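Beneath this line is the structure, given in structure tokens, with notes to follow.
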Amino acid sequence: MFVALAALCWGLSGGIGGILIAEGWDAFVVSFYRGAIGLLFVLAWLALRPQGSGLGNRRLWFWSAIAGLGVAGNFAFYFVSIAQGSVVVAAMLMYCAPVFVYLVSFVLKLEQPTPRKWSAIATVMLGIALLTRIYNTDTAGVTVLGLAAGLLSGLAYAVFIFGFKYAAPHGSPQAILVIAFALLTVVLVWPGDADQTTTALTTSSWPLFAAIGVLGAGLSFILYIVGLRHTAPAVASIVAMVEPVTAALFGVVVLNESLTGLQMLGITLILVTVTAVSTDSSDRSRRYRLPHS
């Protein structure tokens with residue numbers, strides 16, 4: 001239930017971000033406040049549960065910093081993708097990350113290429129082609145920047161998971177998230193519009209900024225980490241589908257984003273394939289007693 005609630009919160013945060021961007025707010029400003037408000041939550045969590053923080057450990061700081069760069073990239077690229085395309089497309093592109101991590105693993109010799117893995121990659125690429133409508137040169141679909149940003153948001157999230165996994169043995173989750181979100185606020189405050197960053201504190205849109213921070217970073221990350229302690233990785237991978245589905249429904253129902261039949265087919269191909277890949281990865285990690293994200 002906690003993992004599902006976290007995924008639901010992340011999906012809603014994408015939709016709320018789409019509303020703010022449609023109102024003219026800079027994607028980096030939206031990303032900054034999502035992380036900054038999340039930082040307040042994890043600071044409170046650390047204050048309530050300070051034992052075993054590991055803040056004196058250098059390795060904790062190093063890997064938490066890697067996690068911070070990852071989550072900063074995930075937030076920023078995700079909202080840039082929304083600005084350049086739509087909430088539906090951005091959410092689905094980010095959800096493709098596990099499959100594209102395979103390609104990096106092939107290059108680094110971390111994974112052995114197999115026909116099954118290549119088939120998964122090809123299926124997801126077909127799904128992306130259908131979703132983004134790159135086959136139709138007459139339509140004003142997602143831009144190249146939107147496509148690249150969507151995929152980079154997923155890869156950046158993989159970097160966050162990588163950093164978090166290697167930081168975990170050296171300290172508490174709340175300490176890791178405090179360092180990660182603190183670095184995020186430093187990184188994202190620079191590329192954002194300075195005037196908008198200041199104006200956001202007194203704007204009538206402030207409730208939306210508060211909601212995206214609470215749902216998209218503060219409450220959701222705490223729920224997800226607590227939930228993972230009592231959930232098998234394979235189950236968590238399937239439950240995580242709540243996020244892109246929620247974001248897609250928000251985009252269609254609230255933001256009036258439309259989808260063609262072929263785009264729906266593309267979404268189905270991506271969801272089914274990525275979930276199967278994530279579940280298989282979870283099973284192998286548990287079978288060989290490897291740490292899993």
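Just remember, in the structure tokens the first chain shown is A, the second B, etc., residues are 1-based per chain, and ligands are 1-based in the order shown.
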- Running DSSP on the backbone, which parts of region 112-169 of chain A land in helix (DSSP H, G or I), as a PyMOL selection string? chain A and resi 115-132+144-169
- Query: Which neighbours of Ala36 (chain A) fall inside 12 Å, counting only C-alpha atoms, when residues of the same chain fewer than 2 positions from it are skipped, and could you give them as a ChimeraX atom specification?
  - Reply: /A:28-34,38-43,72,75,177-189,197,209-210,212-214,216-218
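If only C-alpha atoms are the atoms counted, then among A:Trp10, A:Phe164, A:Val89, A:Gly15 the closest residue to Ala129 (chain A) is A:Val89.
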Each region 151-261 of chain A residue no farther than 12 Å from region 270-274 of chain A, nearest pair in Å, only C-alpha atoms, as CSV:
residue,atom,partner,partner_atom,distance
A:Ser237,CA,A:Val274,CA,9.2
A:Ile238,CA,A:Val274,CA,9.4
A:Val239,CA,A:Leu271,CA,11.6
A:Ala240,CA,A:Leu271,CA,10.4
A:Met241,CA,A:Leu271,CA,7.3
A:Val242,CA,A:Leu271,CA,10.4
A:Glu243,CA,A:Leu271,CA,10.9
A:Pro244,CA,A:Leu271,CA,8.6
A:Val245,CA,A:Leu271,CA,8.9
A:Ala248,CA,A:Leu271,CA,11.8
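Distances from A:Ala175, A:Leu201, A:Ala156, A:Ala211 to Leu69 (chain A) were compared using only C-alpha atoms, and the smallest one belongs to A:Ala156.
In terms of minimum interatomic distance to Val71 (chain A), A:Val159 ranks closest within A:Leu223, A:Val254, A:Val159, A:Met94, counting only C-alpha atoms.
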